[in-house]
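Remarks on the structure that follows.
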Amino acid sequence: AQSVTQLGSHVSVSEGALVLLRCNYSSSVPPYLFWYVQYPNQGLQLLLKYTTGATLVKGINGFEAEFKKSETSFHLTKPSAHMSDAAEYFCAVSPYNFNKFYFGSGTKLNVKP
Amino acid sequence: NAGVTQTPKFQVLKTGQSMTLQCAQDMNHEYMSWYRQDPGMGLRLIHYSVGAGITDQGEVPNGYNVSRSTTEDFPLRLLSAAPSQTSVYFCASSLGQGSLGEAFFGQGTRLTVV
């Protein structure tokens with residue numbers, strides 16, 4: 001069985017501050033991990049993904065995430081928040097054949113001026 | 001480049017009515033899936049398909065049917081709508097291993113059952 005836990009349903013940061021969104025997973029096999037972003041009234045857009053290779057993954061819009069197997073974590077970070085980063089972020093895990101995804105409950109990021 | 005197209009965008013149903021949510025993709029993707037999004041619960045998998053003629057249940061399949069007669073289309077049928085099915089529904093498609101996993105999502109269908 002696979003599951004994803006996102007700590008903090010709402011995170012608020014000031015513009016220019018560090019963004020840290022937490023994701024922990026449980027999986028009986030090595031998972032593939034993803035972060036998606038959802039802007040209001042839109043579908044989900046892929047930010048970044050970890051499948052194999054380097055554990056520090058860089059994505060779009062300056063985001064990155066690090067896969068830590070020992071901690072079963074895949075936290076999302078960005079050094080300096082922009083107002084345009086305000087959105088809901090979802091962590092997801094997929095089995096090796098990518099036929100389905102299991103999503104966390106989401107974290108809404110608010111960026112204050 | 002249309003990607004994944006869902007229709008309708010909004011729908012209001014009365015309890016007991018049936019309807020079909022349409023999903024079409026033009027990327028020749030093998031895998032397609034349906035999710036529902038509810039506040040505080042993320043996206044939950046309803047049904048998925050790994051190719052034409054092959055479907056399987058996800059986490060929350062009760063009250064929904066699917067079929068996959070073509071690669072392009074993956075409709076979701078609500079047999080007898082209930083207020084608990086009020087949600088936002090997303091269809092997604094992916095190449096599977098060939099794309100190393102990226103799923104493409106439609107814009108969603110916001111369904112209200114009264």
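Chain labels follow the order of the structure tokens: the first chain is A, the next B, and so on; residue numbering restarts at 1 in every chain, and ligands are counted from 1 in their shown order.
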Using only C-alpha atoms and a cut-off of 9 Å, which residues of chain A sit close to chain B? Please list them as a list in words. Ser9, Tyr32, Phe34, Asn41, Gln42, Gly43, Leu44, Gln45, Leu46, Lys49, Thr51, Phe90, Ser94, Tyr96, Asn97, Phe98, Asn99, Lys100, Phe101, Tyr102, Phe103, Gly104, Ser105, Gly106 and Thr107 of chain A
Deliver the residues from the most recent selection as a file, using C-alpha atoms, as a tab-separated table (two decimals), in the first residue's frame.
```
chain	number	residue	atom	x	y	z
A	9	SER	CA	-2.81	22.27	5.13
A	32	TYR	CA	8.31	7.48	-7.73
A	34	PHE	CA	5.97	14.01	-7.68
A	41	ASN	CA	-9.92	26.92	-10.82
A	42	GLN	CA	-7.33	25.08	-12.85
A	43	GLY	CA	-6.05	21.56	-13.25
A	44	LEU	CA	-2.79	20.26	-11.83
A	45	GLN	CA	0.58	21.06	-13.34
A	46	LEU	CA	3.76	19.05	-12.75
A	49	LYS	CA	9.46	14.47	-10.13
A	51	THR	CA	12.15	8.60	-10.52
A	90	PHE	CA	0.17	18.35	-3.93
A	94	SER	CA	3.22	6.37	-8.06
A	96	TYR	CA	6.85	1.80	-10.84
A	97	ASN	CA	4.56	1.52	-13.84
A	98	PHE	CA	2.94	4.94	-13.35
A	99	ASN	CA	-0.54	3.64	-13.94
A	100	LYS	CA	-1.98	5.59	-11.03
A	101	PHE	CA	-1.08	8.24	-8.48
A	102	TYR	CA	-1.77	8.60	-4.78
A	103	PHE	CA	-2.00	12.21	-3.65
A	104	GLY	CA	-1.52	13.92	-0.34
A	105	SER	CA	-4.22	16.19	1.01
A	106	GLY	CA	-2.54	19.31	-0.33
A	107	THR	CA	-0.92	22.43	1.15
```
task = Using backbone DSSP assignments, extract all helix (DSSP H, G or I) residues from chain A; output them as a list in words.
result =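 After running DSSP on the backbone, chain A has helix (DSSP H, G or I) at Ile60, Asn61, Gly62, Lys69, Ser70, Glu71, Met83, Ser84 and Asp85 of chain A.
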Selected residues, N, CA and C atoms, written as a PDB file, in the first residue's frame, please.
```
ATOM      1  N   ILE A  60      10.310  23.403 -12.117  1.00  0.00           N
ATOM      2  CA  ILE A  60      10.020  24.701 -12.729  1.00  0.00           C
ATOM      3  C   ILE A  60       9.850  25.769 -11.656  1.00  0.00           C
ATOM      4  N   ASN A  61       9.962  27.009 -12.067  1.00  0.00           N
ATOM      5  CA  ASN A  61       9.711  28.168 -11.193  1.00  0.00           C
ATOM      6  C   ASN A  61      10.618  28.211  -9.968  1.00  0.00           C
ATOM      7  N   GLY A  62      11.804  27.627 -10.055  1.00  0.00           N
ATOM      8  CA  GLY A  62      12.770  27.717  -8.967  1.00  0.00           C
ATOM      9  C   GLY A  62      12.563  26.744  -7.824  1.00  0.00           C
ATOM     10  N   LYS A  69      15.416   8.718   1.358  1.00  0.00           N
ATOM     11  CA  LYS A  69      14.838   7.400   1.587  1.00  0.00           C
ATOM     12  C   LYS A  69      14.802   7.056   3.064  1.00  0.00           C
ATOM     13  N   SER A  70      15.857   7.411   3.790  1.00  0.00           N
ATOM     14  CA  SER A  70      15.935   7.066   5.211  1.00  0.00           C
ATOM     15  C   SER A  70      14.846   7.760   6.020  1.00  0.00           C
ATOM     16  N   GLU A  71      14.399   8.911   5.550  1.00  0.00           N
ATOM     17  CA  GLU A  71      13.354   9.668   6.246  1.00  0.00           C
ATOM     18  C   GLU A  71      12.002   9.522   5.563  1.00  0.00           C
ATOM     19  N   MET A  83       4.998  36.302  -5.119  1.00  0.00           N
ATOM     20  CA  MET A  83       3.545  36.361  -4.995  1.00  0.00           C
ATOM     21  C   MET A  83       2.877  35.352  -5.919  1.00  0.00           C
ATOM     22  N   SER A  84       3.471  35.131  -7.072  1.00  0.00           N
ATOM     23  CA  SER A  84       2.887  34.210  -8.048  1.00  0.00           C
ATOM     24  C   SER A  84       2.952  32.748  -7.614  1.00  0.00           C
ATOM     25  N   ASP A  85       3.666  32.463  -6.519  1.00  0.00           N
ATOM     26  CA  ASP A  85       3.741  31.088  -6.013  1.00  0.00           C
ATOM     27  C   ASP A  85       2.511  30.701  -5.209  1.00  0.00           C
TER      28      ASP A  85
END
```
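Excluding segment 75-87 of chain B itself and any same-chain residue fewer than 4 positions from it, the protein and nucleic acid residues within 8 Å of it, counting only C-alpha atoms, are Leu13, Lys14, Thr15, Gly16, Gln17, Ser18, Met19, Thr20, Leu21, Gln22, Cys23, Trp34, Arg36, Gln37, Asp38, Gly63, Tyr64, Asn65, Val66, Ser67, Arg68, Arg110, Leu111, Thr112, Val113 and Val114 of chain B.
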Please produce a file of those selected residues containing C-alpha atoms, as a compact mmCIF listing (two decimals), in the first residue's frame.
```txt
# COMPACT_ATOMS: atom_id res chain seq x y z
CA LEU B 13 -27.69 17.21 -10.90
CA LYS B 14 -30.64 16.17 -8.85
CA THR B 15 -30.28 13.19 -6.55
CA GLY B 16 -30.90 10.00 -8.48
CA GLN B 17 -30.08 11.40 -11.90
CA SER B 18 -27.39 9.82 -14.03
CA MET B 19 -24.84 11.51 -16.21
CA THR B 20 -21.54 10.99 -18.01
CA LEU B 21 -18.46 13.13 -17.57
CA GLN B 22 -16.45 13.17 -20.74
CA CYS B 23 -12.66 13.02 -21.01
CA TRP B 34 -10.29 9.77 -12.95
CA ARG B 36 -12.19 13.43 -7.37
CA GLN B 37 -10.98 16.38 -5.35
CA ASP B 38 -12.61 17.26 -2.06
CA GLY B 63 -21.22 4.80 -7.61
CA TYR B 64 -19.10 5.24 -10.73
CA ASN B 65 -18.59 3.24 -13.92
CA VAL B 66 -16.02 3.61 -16.65
CA SER B 67 -15.21 2.08 -20.00
CA ARG B 68 -12.37 2.57 -22.45
CA ARG B 110 -17.30 20.89 -10.92
CA LEU B 111 -20.33 18.73 -10.06
CA THR B 112 -23.03 19.63 -7.57
CA VAL B 113 -25.70 17.11 -6.59
CA VAL B 114 -28.75 18.59 -4.90
```
re atom CA of Thr72 of chain A and atom CA of Leu109 of chain A: distance 22.4 Å
- Leaving out Pro79 of chain A and any residue of its chain fewer than 4 positions from it, which residues lie within 7 Å of it when counting only C-alpha atoms, given as a list of chain:residue names?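 Contacts, in chain order: A:Ala17, A:Leu18, A:Val19.
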Keeping only C-alpha atoms, write the selected residues as a PDB file, in the first residue's frame.
```
ATOM      1  CA  ALA A  17      11.223  34.139   2.370  1.00  0.00           C
ATOM      2  CA  LEU A  18      12.078  30.457   2.136  1.00  0.00           C
ATOM      3  CA  VAL A  19       9.272  28.122   1.131  1.00  0.00           C
TER       4      VAL A  19
END
```
Checklist entry - Any idea what the distance is between atom CA of Leu33 of chain A and atom CA of Phe74 of chain B? => result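 Between atom CA of Leu33 of chain A and atom CA of Phe74 of chain B the gap is 25.0 Å.
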- Query: Could you pull out all residues of segment 20-50 of chain A with a DSSP call of strand (DSSP E or B) and give them as JSON, numbers by chain?
  - Reply: {"A": [20, 21, 22, 23, 24, 25, 26, 32, 33, 34, 35, 36, 37, 38, 44, 45, 46, 47, 48, 49, 50]}
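Note that the spacing between atom CA of Glu64 of chain A and atom CA of Gln38 of chain A amounts to 16.6 Å.
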The residue from B:Asp56, B:His29, B:Pro61, B:Asp73 with the smallest atom-to-atom distance to Gln6 of chain B, counting only C-alpha atoms, is B:Asp73
